[in-house]
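I have placed the structure first, in the form of C-alpha cells, so that the comments after it can refer back to it.
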Amino acid sequence: MNFAPPPLPSDPEELRAFAVMLQAELYAKTLYIEKIKAQLAALRRANFGRSSEKLERDITQLELLLGDLEEGDAESKARTKATNPKPSETGDPSPPPSRGRKPLPDHLPRETVTHETACVCPKCGGAKFSKIGEDQREVLEYVPSHFKVIVHVRPKMSCRGCETILQSPMPSLPIERGRPGA
C-alpha cells in the first residue's frame, strides 16, 4: 500500500480538527480489526476437528486481511503521532504502563509468616548476621467461607564473617510463581 498523507493544515484549529479526524479514523480501524479478530477466532473454533477446505480458505483470507489492516493501523498511528505534539512537550505526562500482576485487594485479611534463616553460617560457622533485605510474596488462601492473604517474608541475612548471603527457601506452591495457595 503506497499512501501519501494529505498536506497538513497551517492553522492551529484546523490542525486540531485534523488530529481529531485522524484519531476517529484510527479508532474505527481498531474496532474493525477487533471485529475481524473475533470472526477469525470463531472460524478457528468451528474448524477445530474438521477438515473443511472452505473454512481453511476463509481463515487464510481473514488472516491476510487482518495483516493488511494492522499494517494500515500502524501507519495511521505513525501519522497521528507525527501530527500530535509529544506529551512531554505539553506538560501532561502520561503515567508509564504498569508491569507485573496487580496487587491483591486491600480489604482481604492478611497474615504474615516469617521464614527465619539458619542460626549458623554453613560456610564459616559464624553466628553474627546483618539483615540486608527481605523478599515478600503474597499468596491467596481460601479458608471456608472467605479468602485471606498470607504474606510470606523471607529475610536476607549476610554473615559478617564470610559475607555469605543466607535466605530460607520459599515454601512450595501448587502453581509455581502463582498467587493461589494450597
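Residues are named by chain letter and number: chains run A, B, ... in the order of the C-alpha cells, numbers start at 1 in each chain, and ligands are numbered from 1 in the order shown.
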Determine which residues of region 12-166 of chain A receive a DSSP assignment of strand (DSSP E), computed from the backbone, and state them as an MDAnalysis selection string.
-> chainID A and resid 110:114 129:143 146:159 165:166
List every residue of region 64-152 of chain A that has an atom at most 12 Å from any atom of region 165-171 of chain A, and for each one report the closest atom pair and its distance in Å to one decimal, counting only C-alpha atoms, with rows sorted by chain and then by increasing residue number, as a Markdown table.
| residue | atom | partner | partner_atom | distance |
| --- | --- | --- | --- | --- |
| A:Val113 | CA | A:Pro171 | CA | 10.8 |
| A:Thr114 | CA | A:Ser168 | CA | 9.7 |
| A:His115 | CA | A:Ser168 | CA | 6.2 |
| A:Glu116 | CA | A:Ser168 | CA | 6.3 |
| A:Thr117 | CA | A:Ser168 | CA | 5.0 |
| A:Ala118 | CA | A:Ser168 | CA | 7.5 |
| A:Cys119 | CA | A:Leu166 | CA | 10.0 |
| A:Val120 | CA | A:Leu166 | CA | 9.8 |
| A:Cys121 | CA | A:Leu166 | CA | 7.8 |
| A:Pro122 | CA | A:Leu166 | CA | 9.0 |
| A:Lys123 | CA | A:Leu166 | CA | 10.4 |
| A:Cys124 | CA | A:Ile165 | CA | 12.0 |
| A:Gly126 | CA | A:Leu166 | CA | 11.8 |
| A:Ala127 | CA | A:Leu166 | CA | 11.7 |
| A:Lys128 | CA | A:Leu166 | CA | 11.8 |
| A:Phe129 | CA | A:Leu166 | CA | 9.2 |
| A:Ser130 | CA | A:Ile165 | CA | 9.6 |
| A:Lys131 | CA | A:Ile165 | CA | 9.5 |
| A:Ile132 | CA | A:Ile165 | CA | 8.7 |
| A:Gly133 | CA | A:Gln167 | CA | 9.9 |
| A:Glu134 | CA | A:Gln167 | CA | 8.6 |
| A:Asp135 | CA | A:Gln167 | CA | 9.2 |
| A:Gln136 | CA | A:Met170 | CA | 9.7 |
| A:Arg137 | CA | A:Met170 | CA | 9.0 |
| A:Glu138 | CA | A:Met170 | CA | 11.6 |
| A:Val139 | CA | A:Pro171 | CA | 10.8 |
| A:Ile150 | CA | A:Pro171 | CA | 11.9 |
| A:Val151 | CA | A:Met170 | CA | 11.4 |
| A:His152 | CA | A:Met170 | CA | 8.0 |
Could you pull out all residues of chain A with a DSSP call of alpha helix (DSSP H) and give them as a ChimeraX atom specification?
-> /A:12-47,53-83,87-90
Pick the closest to Gly67 (chain A) from A:Ile36, A:Arg154, A:Ser10, A:Ser145: which is it, counting only C-alpha atoms?
->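 For Gly67 (chain A), the nearest of the given residues is A:Ile36.
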Polymer residues at most 7 Å from region 100-109 of chain A, only C-alpha atoms, same-chain spacing of 6 or more positions, as a VMD selection string | chain A and resid 147 to 149
Go ahead and compute the interatomic distance for CA of Glu141 (chain A) and CA of Pro174 (chain A), in Å to one decimal.
->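 Value for the CA of Glu141 (chain A)-CA of Pro174 (chain A) distance: 11.5 Å.
A straight line drawn from CA of Ile59 (chain A) to CA of Gln39 (chain A) is 9.0 Å long.
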